[in-house]
Amino acid sequence: MEDPLVYVYDRRTGDKPEERVSLEGVSDFRSFRRKLLDTLAIDASDEFVVTNSSRQEINDDSSYEDLIVQGGTLYLLESTDQELLAPTDERIDYVPHYDTLVKSGIYEYYASEGQNPLPYAFAELIDNALTATAKNEGERNIDLFLYLEDSPTICVFDNGRGMTSKQLNHWAIYRLSKFLRNKPGGDLNETFLQEKTPRSLNSDISYFGVGGKQAIFFIGTACRMISKTRHCGDVHELSMSKDEFEAKEKERKSVFSGRIRNRRCGDSSHLQQTGHEILKKLIEEQEKSRDQFTAVFISGIAEKNVQYLTKNFVAWSRQLAHIYHYYLHGPQGNIMGRKERASSPFKQISITIHMKAGRDSTELSLHQIDDDMQTRYIRSAKATFDFKVDVPAVGEVEGVLRYHPFEYDHETYPVLLEAEDEQSDTEDVEDAIQPSRKARGNRAMFECFWNGRLIPYTTIDGLEFCEPSKPSKRGSTTIPLECYSRISGCLFTNDAFQVSTNKLTFIDLPVKLRERGNNIMYSVVTPDGRPIRDIRKHFHQWLRDCHENFDKEVQFVDQMETDIRRDDVEIKRRQHPWCVYQKIELDGKIYQTGDLVRTCRTNPIVCGRVIKFWLYGRHDGDTFANTGEMELQQEPAVLYNDVKFYPLTKLDRLMEEEEIIRIIKEEESRLPKKLEVNFPEGNEVKEKTKLVCGKPVGPVQVQVLNGKGESIGRLPGVLGKKLSVEQTVMCGGKEICQHVGEYSSKWFYWFRMIGELRNLGAHSMKLQAVVLDTEKQPSSLRLPSVTINFTVTEGPATAFKIAPLEGPYKVGDPFQLQLELFDKFNNPARLPPGSEPQLSAAGVSFAVKDGVTKSNMVTIRGVVATAKVNSSSGQTFKLKVTVSTVQHEPEDTSLRLIPGLPHSLECVPAGPVNVENRTPLQLTVHVKDISGNLTTDSQLTLVCKLSGADSLPIYRATCNSGIALFTGEDIVVKQFSGRKVTCSLQAKISVLGNDQISPIEEKILVTPSLSPSKIIIYRLIEGSTMRKQLNSEQEVSAPVGTTIEGLSFAVLDEAGKEVDVKLVASSVKVNWTNKLNLESIRACLLPGIPVGSTRCFVQYTGNCHYSLSVSYVLSRFHLVSQR
């Protein structure tokens, strides 16, 4: 390996040449800088920066590790953005990435998308082995070992000539083809295999120097090549792996380099690591038993490849047998009955597969496989046609055609095994109407082989001489078109024609064979080897002979109609012309119209009665053909009312009419007879039952029983259509729901629970057996049904609404409230027994008389609301209604209450009423409703009667807004004269003419009047300051003509208390003078009385309704007091 170094340009100044700086012993940036200073003779004090050619600065260990590359170019600059003062050169390498080798298989085999390419990868390794064993004098043994266990390993062993160390080195070089290896200086022992061989079986198929390596790294991730030649006792061993390539790249080593280990035979001492047990075993067992060999060991097998190889062993081994068919069996292929293998130049080629997966071990020789496609082509053919094609300036192509005849009811052309499970009714229809393609189908005519092995993705659909001959003027040909589709063929070439490196396709063969103007020469190869040029004539003669000698066909007898157009045929060009026949003879048996027949290989099998036989084309009278159609009326007629067309290839020739009749009767007994309905989880509904709304129904299980009492899921016989059961629920002539149940062998016809039937009234559930494809159901077939009638009633009430209240309502006045009840589906519902609506409102008490229920309406009668309202105009309350058995939020509505009718009387304020004597009674009485609200009734007259004294007045008052105010005449209680007491009276208040309102009694306390009630006269005692009261009727004497002086007075109320005279002075009068001194009166002094008057009066006249006076008789001096 080269010493590590870099190339450095000092471009700080000038254009100095590059300097080689060795990195030997350099491990970090500091040592690298010292190396630069020493190599370039730079002073340690000089300032500079080190960059790579991308101007990324290297200034620490991290950047040194990331940016220093073996053989890289570096700059010494004054700064990273300094311009280059002179140009520089940078060395580069463009060695391919190791993915070129590791992933080459993936790239090359991408064309195998749609099928697994593993068999083609194995074929590359077998190709190498065939080439290696080509010059063996004895047997040519190729063994494929597959160990698909813990550490899957695949090994290909051959007993070929082996490889020297140099040849092994050449093998490792990607795309070192055999041509380059044989140039001067190449392998001395490698030569071209140019000898002439039949079918180009020259074993010269290890060709391009890429296939083996592509295959290895497609199969796994590591390989080990081991080889030994006969002339050297050493074993040469070379290993390659993806992990090894990745490690070398990471360590910056040369990826495409390695070592060949040379060791003694059978020595496995270098395999000490675990995981190499299989390799050690094969080395020890296989190497010592072989004097020359090459072994390819592949490991790192992907899990998907292991699964494919394990599960598809038969398929991929059959593919390998197809690819190498002629190497295994010789130029004539695997002919039936041949016991011995073909002799030289094939030298007993043996390709054996040894597979071990878990406990299973399998060993299979490809020579033993007799169902590969080439074997089937060869063994089913009745005749062959050999020819050659000479392509000028290119080469020669050998070819063979084989004829696979039609035999009564089927084509013998082999069917692709991989497609056998995909045959469909569509193909049957195509068979009947496209006989030109019915045998080979869409497959090409020729498979192509290169140097004896199959090139799988190149096929050729016919050559120029194989084309059908042109029809005659009468519109017919001597060879039916379908005969051309009964031909298979092979083309054999050598390396004169090019193939792709993966050997999946020819590059130029199809193009060369189709090019016009190539002067391609076709010739027939006769048994004696003599070529015949008129190949088209000989080919059609051969094909005609094959048709006449090997095809076994049908005879159409008793022609009924000709030149008929059939519009029921989809392909227009096949709609005309058709002929109709009454009879056919097939395989020695006559069939005619009216016969009962049965089909075979149809889905389903059909029994029917022949209406007529159809043959395409223009035919005169009786004729032979290899195909045709029969028109059948399907039986039994009660089940089928349909006419079907089937190709005659579907006619069951072994079925007797008696057996067909038995089958038809058996089929009739298996027709649907009745339905059996069950409710396996409860929730059953029976005829004329009542079902509560919301209660679930089902689930429902239905069985369709035939005449034998057997449960069935499809119609019997040819029709074979699935039976379904349709469930329809109706209410009032309208469809509520409809479901279609499909058959299950586990639960028959199952319908899920119908959770909520919301509509009330009469319902019906109909279960009807149906065939959903009504076009396939004959009109005469009546399928059974069951109808269950039931009634859905309302569910328990879960909600209600309050009917709007008209209001306002008087307190205490009865009114009614209506509730409308519903179930959870909003259907009208009844009030459950024992349920009572509860009324509530803040500040309101309710009393209910009773309730009446009618349907879903509940009328609460006699509702009496008592509440204090805040005004005479009324008050609105939020009325809530709850029903105990209804789980629903309380409903509320507005209730407006106004004061009610008079119910009671109340004096305001309460307690005894104080009245001053000689004043009118002032008494307020409130007329209230039952809740104590002032009534608004204004038509009331209240009467107040007093008792407890004489001559008391009676009061009347009119109620206004619930208030009555009593007033009127004065209350005069005479018992107060001269006494200081309170008089108690009793007042009885009642409503005039209304006995419903109880009277009330109130105590009236009459107090003495505070108004002047009495005048007292005083006379001053002569000679004293004392005064003396003049009593009533007291006589006052004095001489006539004198004046009585010293008179004074006092005014008293009924309680005997003096009244302030100053307040009443202006109301005091005397009869003996008109002139009173107001100030004297205020001082309670009377003017002098002249003696001579007979009677004198002192009188008080106030604002009251009475007056006071005192009189005196002077003649007798008798004072008389009057009122």
# chains A, B, ... in the order shown; residues from 1 in each chain; ligands from 1
>>> select_by_dssp(residues="region 508-648 of chain A", states="alpha helix (DSSP H)", output="number ranges by chain")
A: 509-514, 535-550
>>> write_last_selection(atoms="N, CA and C atoms", output="mmCIF file, in the first residue's frame")
data_model
loop_
_atom_site.group_PDB
_atom_site.id
_atom_site.type_symbol
_atom_site.label_atom_id
_atom_site.label_comp_id
_atom_site.auth_asym_id
_atom_site.auth_seq_id
_atom_site.Cartn_x
_atom_site.Cartn_y
_atom_site.Cartn_z
ATOM 1 N N LEU A 509 -31.344 -11.003 -31.832
ATOM 2 C CA LEU A 509 -31.970 -12.104 -32.556
ATOM 3 C C LEU A 509 -33.342 -11.731 -33.105
ATOM 4 N N PRO A 510 -34.292 -11.198 -32.297
ATOM 5 C CA PRO A 510 -35.609 -10.861 -32.869
ATOM 6 C C PRO A 510 -35.511 -9.850 -33.993
ATOM 7 N N VAL A 511 -34.585 -8.889 -33.829
ATOM 8 C CA VAL A 511 -34.456 -7.848 -34.856
ATOM 9 C C VAL A 511 -33.937 -8.443 -36.157
ATOM 10 N N LYS A 512 -32.909 -9.269 -36.071
ATOM 11 C CA LYS A 512 -32.313 -9.854 -37.268
ATOM 12 C C LYS A 512 -33.302 -10.740 -38.022
ATOM 13 N N LEU A 513 -34.140 -11.469 -37.293
ATOM 14 C CA LEU A 513 -35.070 -12.385 -37.942
ATOM 15 C C LEU A 513 -36.249 -11.656 -38.574
ATOM 16 N N ARG A 514 -36.524 -10.415 -38.168
ATOM 17 C CA ARG A 514 -37.669 -9.682 -38.721
ATOM 18 C C ARG A 514 -37.261 -8.642 -39.757
ATOM 19 N N ILE A 535 -39.404 -23.864 -48.035
ATOM 20 C CA ILE A 535 -39.844 -24.220 -46.681
ATOM 21 C C ILE A 535 -41.321 -23.942 -46.450
ATOM 22 N N ARG A 536 -41.888 -22.888 -47.069
ATOM 23 C CA ARG A 536 -43.298 -22.585 -46.836
ATOM 24 C C ARG A 536 -44.186 -23.735 -47.317
ATOM 25 N N LYS A 537 -43.909 -24.237 -48.495
ATOM 26 C CA LYS A 537 -44.707 -25.347 -49.021
ATOM 27 C C LYS A 537 -44.613 -26.566 -48.127
ATOM 28 N N HIS A 538 -43.390 -26.895 -47.723
ATOM 29 C CA HIS A 538 -43.217 -28.091 -46.892
ATOM 30 C C HIS A 538 -43.838 -27.887 -45.500
ATOM 31 N N PHE A 539 -43.752 -26.681 -45.016
ATOM 32 C CA PHE A 539 -44.362 -26.428 -43.694
ATOM 33 C C PHE A 539 -45.868 -26.628 -43.759
ATOM 34 N N HIS A 540 -46.554 -26.057 -44.726
ATOM 35 C CA HIS A 540 -48.009 -26.178 -44.782
ATOM 36 C C HIS A 540 -48.436 -27.608 -45.097
ATOM 37 N N GLN A 541 -47.630 -28.323 -45.858
ATOM 38 C CA GLN A 541 -47.947 -29.727 -46.089
ATOM 39 C C GLN A 541 -47.819 -30.520 -44.800
ATOM 40 N N TRP A 542 -46.758 -30.203 -44.052
ATOM 41 C CA TRP A 542 -46.574 -30.876 -42.749
ATOM 42 C C TRP A 542 -47.735 -30.553 -41.806
ATOM 43 N N LEU A 543 -48.162 -29.305 -41.769
ATOM 44 C CA LEU A 543 -49.249 -28.893 -40.884
ATOM 45 C C LEU A 543 -50.565 -29.540 -41.306
ATOM 46 N N ARG A 544 -50.783 -29.609 -42.618
ATOM 47 C CA ARG A 544 -52.006 -30.256 -43.100
ATOM 48 C C ARG A 544 -52.016 -31.732 -42.729
ATOM 49 N N ASP A 545 -50.886 -32.382 -42.887
ATOM 50 C CA ASP A 545 -50.807 -33.792 -42.507
ATOM 51 C C ASP A 545 -51.067 -33.969 -41.017
ATOM 52 N N CYS A 546 -50.501 -33.089 -40.224
ATOM 53 C CA CYS A 546 -50.731 -33.188 -38.763
ATOM 54 C C CYS A 546 -52.213 -33.047 -38.443
ATOM 55 N N HIS A 547 -52.859 -32.106 -39.105
ATOM 56 C CA HIS A 547 -54.282 -31.883 -38.845
ATOM 57 C C HIS A 547 -55.108 -33.112 -39.234
ATOM 58 N N GLU A 548 -54.793 -33.668 -40.377
ATOM 59 C CA GLU A 548 -55.588 -34.798 -40.853
ATOM 60 C C GLU A 548 -55.296 -36.078 -40.085
ATOM 61 N N ASN A 549 -54.076 -36.235 -39.652
ATOM 62 C CA ASN A 549 -53.686 -37.500 -39.029
ATOM 63 C C ASN A 549 -53.869 -37.505 -37.506
ATOM 64 N N PHE A 550 -53.736 -36.360 -36.879
ATOM 65 C CA PHE A 550 -53.691 -36.363 -35.410
ATOM 66 C C PHE A 550 -54.883 -35.666 -34.750
#
>>> residues_around(residues="Glu635 (chain A)", least_positions_apart="3", cutoff="8 Å", atoms="only C-alpha atoms", output="PDB file with C-alpha atoms, in the first residue's frame")
ATOM      1  CA  VAL A 606     -75.051 -27.566 -16.188  1.00  0.00           C
ATOM      2  CA  CYS A 607     -77.725 -30.110 -17.060  1.00  0.00           C
ATOM      3  CA  GLY A 608     -79.889 -29.228 -20.041  1.00  0.00           C
ATOM      4  CA  ARG A 609     -81.865 -30.327 -23.060  1.00  0.00           C
ATOM      5  CA  VAL A 638     -88.780 -24.946 -12.544  1.00  0.00           C
ATOM      6  CA  LEU A 639     -85.387 -23.609 -11.534  1.00  0.00           C
ATOM      7  CA  TYR A 640     -84.050 -22.312 -14.839  1.00  0.00           C
ATOM      8  CA  ILE A 664     -82.245 -33.191 -12.228  1.00  0.00           C
TER       9      ILE A 664
END
>>> atom_distance(atom1="CA of Glu836 (chain A)", atom2="CA of Lys801 (chain A)")
15.0 Å
>>> closest_residue(among="A:Asp204, A:Ser361, A:Glu1002, A:Glu629", to="Trp450 (chain A)", atoms="only C-alpha atoms")
A:Asp204
>>> select_by_dssp(residues="region 677-788 of chain A", states="strand (DSSP E or B)", output="ChimeraX atom specification")
/A:677-678,689-692,697,700-706,711-712,714,722,724-731,734-741,743-744,748-751,754,761-770,785-788
>>> atom_distance(atom1="CA of Ser257 (chain A)", atom2="CA of Ile68 (chain A)")
22.5 Å
>>> closest_atom_pairs(of="region 443-559 of chain A", to="region 317-334 of chain A", cutoff="12 Å", atoms="only C-alpha atoms", output="Markdown table")
| residue | atom | partner | partner_atom | distance |
| --- | --- | --- | --- | --- |
| A:Glu447 | CA | A:Ile323 | CA | 10.6 |
| A:Cys448 | CA | A:Ile323 | CA | 10.3 |
| A:Phe449 | CA | A:Ile323 | CA | 8.5 |
| A:Trp450 | CA | A:Ile323 | CA | 10.3 |
| A:Asn451 | CA | A:Tyr327 | CA | 9.9 |
| A:Gly452 | CA | A:Tyr326 | CA | 6.5 |
| A:Arg453 | CA | A:Tyr324 | CA | 5.4 |
| A:Leu454 | CA | A:Ile323 | CA | 4.6 |
| A:Ile455 | CA | A:Ile323 | CA | 7.7 |
| A:Pro456 | CA | A:Ile323 | CA | 7.8 |
| A:Tyr457 | CA | A:Ile323 | CA | 11.6 |
| A:Cys490 | CA | A:Tyr326 | CA | 11.2 |
| A:Phe492 | CA | A:Pro331 | CA | 10.4 |
| A:Lys503 | CA | A:Ile323 | CA | 11.0 |
| A:Leu504 | CA | A:Ile323 | CA | 10.9 |
>>> write_last_selection(atoms="all heavy atoms", output="compact mmCIF listing (two decimals), in the first residue's frame")
# COMPACT_ATOMS: atom_id res chain seq x y z
N GLU A 447 -39.56 -20.45 -28.16
CA GLU A 447 -38.62 -20.13 -27.10
C GLU A 447 -37.22 -20.12 -27.72
O GLU A 447 -36.95 -20.83 -28.69
CB GLU A 447 -38.69 -21.17 -25.98
CG GLU A 447 -39.94 -21.05 -25.14
CD GLU A 447 -39.89 -21.97 -23.92
OE1 GLU A 447 -39.25 -23.04 -24.02
OE2 GLU A 447 -40.47 -21.62 -22.89
N CYS A 448 -36.32 -19.31 -27.11
CA CYS A 448 -35.00 -19.11 -27.73
C CYS A 448 -33.90 -19.59 -26.79
O CYS A 448 -33.91 -19.28 -25.58
CB CYS A 448 -34.81 -17.63 -28.07
SG CYS A 448 -36.04 -17.01 -29.23
N PHE A 449 -32.94 -20.34 -27.37
CA PHE A 449 -31.83 -20.89 -26.60
C PHE A 449 -30.52 -20.34 -27.18
O PHE A 449 -30.36 -20.24 -28.41
CB PHE A 449 -31.83 -22.42 -26.66
CG PHE A 449 -32.94 -23.05 -25.88
CD1 PHE A 449 -34.24 -23.08 -26.37
CD2 PHE A 449 -32.69 -23.61 -24.63
CE1 PHE A 449 -35.26 -23.66 -25.65
CE2 PHE A 449 -33.71 -24.20 -23.91
CZ PHE A 449 -34.99 -24.22 -24.42
N TRP A 450 -29.60 -20.02 -26.29
CA TRP A 450 -28.29 -19.46 -26.68
C TRP A 450 -27.20 -20.37 -26.12
O TRP A 450 -27.14 -20.60 -24.91
CB TRP A 450 -28.16 -18.05 -26.12
CG TRP A 450 -26.86 -17.36 -26.39
CD1 TRP A 450 -26.46 -16.78 -27.53
CD2 TRP A 450 -25.79 -17.19 -25.43
NE1 TRP A 450 -25.22 -16.24 -27.38
CE2 TRP A 450 -24.77 -16.48 -26.09
CE3 TRP A 450 -25.59 -17.56 -24.11
CZ2 TRP A 450 -23.57 -16.13 -25.47
CZ3 TRP A 450 -24.41 -17.21 -23.48
CH2 TRP A 450 -23.41 -16.50 -24.17
N ASN A 451 -26.38 -20.90 -27.00
CA ASN A 451 -25.35 -21.85 -26.59
C ASN A 451 -25.94 -22.97 -25.73
O ASN A 451 -25.33 -23.44 -24.77
CB ASN A 451 -24.21 -21.16 -25.84
CG ASN A 451 -23.33 -20.35 -26.78
OD1 ASN A 451 -23.32 -20.58 -27.99
ND2 ASN A 451 -22.60 -19.40 -26.24
N GLY A 452 -27.14 -23.39 -26.08
CA GLY A 452 -27.77 -24.54 -25.44
C GLY A 452 -28.61 -24.23 -24.22
O GLY A 452 -29.32 -25.11 -23.75
N ARG A 453 -28.55 -23.00 -23.67
CA ARG A 453 -29.35 -22.70 -22.47
C ARG A 453 -30.43 -21.69 -22.82
O ARG A 453 -30.30 -20.88 -23.74
CB ARG A 453 -28.47 -22.22 -21.31
CG ARG A 453 -27.74 -20.92 -21.55
CD ARG A 453 -28.41 -19.73 -20.92
NE ARG A 453 -28.11 -19.59 -19.52
CZ ARG A 453 -28.76 -18.78 -18.72
NH1 ARG A 453 -29.76 -18.05 -19.19
NH2 ARG A 453 -28.43 -18.67 -17.44
N LEU A 454 -31.54 -21.74 -22.07
CA LEU A 454 -32.70 -20.91 -22.34
C LEU A 454 -32.40 -19.44 -22.03
O LEU A 454 -31.80 -19.12 -21.00
CB LEU A 454 -33.90 -21.37 -21.50
CG LEU A 454 -35.19 -20.56 -21.63
CD1 LEU A 454 -35.81 -20.77 -23.01
CD2 LEU A 454 -36.18 -20.95 -20.54
N ILE A 455 -32.85 -18.55 -22.92
CA ILE A 455 -32.86 -17.11 -22.65
C ILE A 455 -34.33 -16.77 -22.38
O ILE A 455 -35.13 -16.62 -23.31
CB ILE A 455 -32.30 -16.32 -23.85
CG1 ILE A 455 -30.89 -16.80 -24.19
CG2 ILE A 455 -32.31 -14.83 -23.55
CD1 ILE A 455 -29.88 -16.65 -23.06
N PRO A 456 -34.73 -16.67 -21.12
CA PRO A 456 -36.15 -16.77 -20.77
C PRO A 456 -37.03 -15.62 -21.23
O PRO A 456 -38.22 -15.81 -21.46
CB PRO A 456 -36.13 -16.86 -19.24
CG PRO A 456 -34.85 -16.23 -18.83
CD PRO A 456 -33.87 -16.54 -19.92
N TYR A 457 -36.46 -14.39 -21.36
CA TYR A 457 -37.35 -13.26 -21.65
C TYR A 457 -37.42 -12.89 -23.11
O TYR A 457 -37.99 -11.87 -23.47
CB TYR A 457 -36.89 -12.03 -20.85
CG TYR A 457 -37.15 -12.16 -19.36
CD1 TYR A 457 -36.64 -11.22 -18.47
CD2 TYR A 457 -37.89 -13.22 -18.87
CE1 TYR A 457 -36.86 -11.34 -17.12
CE2 TYR A 457 -38.12 -13.35 -17.52
CZ TYR A 457 -37.60 -12.41 -16.64
OH TYR A 457 -37.84 -12.54 -15.29
N CYS A 490 -38.75 -24.11 -30.88
CA CYS A 490 -37.52 -23.64 -30.24
C CYS A 490 -36.56 -23.16 -31.32
O CYS A 490 -36.50 -23.75 -32.42
CB CYS A 490 -36.84 -24.76 -29.44
SG CYS A 490 -37.79 -25.33 -28.04
N PHE A 492 -32.37 -22.26 -31.75
CA PHE A 492 -31.08 -22.51 -31.11
C PHE A 492 -30.01 -21.71 -31.84
O PHE A 492 -29.88 -21.81 -33.07
CB PHE A 492 -30.73 -24.00 -31.14
CG PHE A 492 -31.76 -24.88 -30.47
CD1 PHE A 492 -32.80 -25.43 -31.20
CD2 PHE A 492 -31.68 -25.15 -29.11
CE1 PHE A 492 -33.75 -26.24 -30.59
CE2 PHE A 492 -32.62 -25.96 -28.50
CZ PHE A 492 -33.66 -26.51 -29.23
N LYS A 503 -28.16 -12.56 -19.29
CA LYS A 503 -28.63 -13.72 -20.06
C LYS A 503 -30.14 -13.92 -19.93
O LYS A 503 -30.64 -15.05 -19.94
CB LYS A 503 -27.90 -14.99 -19.65
CG LYS A 503 -26.39 -14.91 -19.90
CD LYS A 503 -25.69 -16.11 -19.35
CE LYS A 503 -24.16 -15.89 -19.42
NZ LYS A 503 -23.44 -16.75 -18.52
N LEU A 504 -30.85 -12.81 -19.81
CA LEU A 504 -32.30 -12.88 -19.75
C LEU A 504 -32.94 -12.58 -21.10
O LEU A 504 -34.05 -13.02 -21.38
CB LEU A 504 -32.85 -11.91 -18.69
CG LEU A 504 -32.47 -12.20 -17.24
CD1 LEU A 504 -33.06 -11.15 -16.32
CD2 LEU A 504 -32.96 -13.58 -16.81
>>> residues_around(residues="Ile487 (chain A)", least_positions_apart="3", cutoff="6 Å", atoms="only C-alpha atoms", output="list in words")
Arg402, Tyr403 and Tyr484 of chain A
>>> closest_residue(among="A:Thr88, A:Thr924, A:Gln1029, A:Gln273", to="Ser1048 (chain A)", atoms="only C-alpha atoms")
A:Gln1029
>>> residues_around(residues="region 286-290 of chain A", least_positions_apart="6", cutoff="7 Å", atoms="only C-alpha atoms", output="ChimeraX atom specification")
/A:159,265-266
>>> write_last_selection(atoms="N, CA and C atoms", output="PDB file, in the first residue's frame")
ATOM      1  N   ASN A 159     -16.959 -30.326 -10.609  1.00  0.00           N
ATOM      2  CA  ASN A 159     -15.712 -31.100 -10.745  1.00  0.00           C
ATOM      3  C   ASN A 159     -14.963 -30.693 -12.007  1.00  0.00           C
ATOM      4  N   CYS A 265      -5.178 -29.152   0.645  1.00  0.00           N
ATOM      5  CA  CYS A 265      -6.537 -29.635   0.403  1.00  0.00           C
ATOM      6  C   CYS A 265      -7.159 -30.123   1.716  1.00  0.00           C
ATOM      7  N   GLY A 266      -8.396 -29.702   1.997  1.00  0.00           N
ATOM      8  CA  GLY A 266      -9.130 -30.147   3.192  1.00  0.00           C
ATOM      9  C   GLY A 266      -8.762 -29.397   4.451  1.00  0.00           C
TER      10      GLY A 266
END
>>> atom_distance(atom1="CA of Lys974 (chain A)", atom2="CA of Val908 (chain A)")
27.6 Å
>>> residues_around(residues="Lys388 (chain A)", least_positions_apart="4", cutoff="10 Å", atoms="only C-alpha atoms", output="PyMOL selection string")
chain A and resi 396-400+491-492+521-525+531-533+535
>>> closest_residue(among="A:Gln986, A:Ser241, A:Ser22, A:Thr885", to="Cys223 (chain A)", atoms="only C-alpha atoms")
A:Ser241
>>> residues_around(residues="Ala41 (chain A)", least_positions_apart="6", cutoff="12 Å", atoms="only C-alpha atoms", output="PyMOL selection string")
chain A and resi 10+19+21+33-35
>>> decode(residues="region 591-624 of chain A", atoms="C-alpha atoms", output="mmCIF file, in the first residue's frame")
data_model
loop_
_atom_site.group_PDB
_atom_site.id
_atom_site.type_symbol
_atom_site.label_atom_id
_atom_site.label_comp_id
_atom_site.auth_asym_id
_atom_site.auth_seq_id
_atom_site.Cartn_x
_atom_site.Cartn_y
_atom_site.Cartn_z
ATOM 1 C CA TYR A 591 -76.181 -36.545 -29.850
ATOM 2 C CA GLN A 592 -79.320 -34.897 -31.247
ATOM 3 C CA THR A 593 -81.842 -32.207 -30.374
ATOM 4 C CA GLY A 594 -84.032 -33.044 -27.387
ATOM 5 C CA ASP A 595 -81.354 -35.149 -25.689
ATOM 6 C CA LEU A 596 -80.522 -34.497 -22.073
ATOM 7 C CA VAL A 597 -76.828 -33.703 -21.670
ATOM 8 C CA ARG A 598 -74.501 -32.434 -18.994
ATOM 9 C CA THR A 599 -71.504 -30.146 -19.224
ATOM 10 C CA CYS A 600 -68.077 -30.699 -17.753
ATOM 11 C CA ARG A 601 -65.237 -28.361 -16.825
ATOM 12 C CA THR A 602 -67.709 -25.494 -16.480
ATOM 13 C CA ASN A 603 -68.417 -23.492 -13.395
ATOM 14 C CA PRO A 604 -71.072 -24.443 -12.555
ATOM 15 C CA ILE A 605 -71.833 -27.816 -14.123
ATOM 16 C CA VAL A 606 -75.051 -27.566 -16.188
ATOM 17 C CA CYS A 607 -77.725 -30.110 -17.060
ATOM 18 C CA GLY A 608 -79.889 -29.228 -20.041
ATOM 19 C CA ARG A 609 -81.865 -30.327 -23.060
ATOM 20 C CA VAL A 610 -80.302 -29.841 -26.500
ATOM 21 C CA ILE A 611 -82.089 -27.279 -28.664
ATOM 22 C CA LYS A 612 -79.625 -27.249 -31.584
ATOM 23 C CA PHE A 613 -75.945 -27.437 -32.529
ATOM 24 C CA TRP A 614 -74.077 -24.435 -33.943
ATOM 25 C CA LEU A 615 -71.020 -24.311 -36.228
ATOM 26 C CA TYR A 616 -69.255 -21.159 -37.337
ATOM 27 C CA GLY A 617 -68.613 -20.630 -41.037
ATOM 28 C CA ARG A 618 -70.266 -21.465 -44.327
ATOM 29 C CA HIS A 619 -70.759 -25.195 -44.757
ATOM 30 C CA ASP A 620 -72.740 -27.251 -47.232
ATOM 31 C CA GLY A 621 -74.421 -30.237 -45.632
ATOM 32 C CA ASP A 622 -72.655 -32.561 -43.223
ATOM 33 C CA THR A 623 -69.131 -31.593 -42.232
ATOM 34 C CA PHE A 624 -66.298 -32.162 -39.774
#
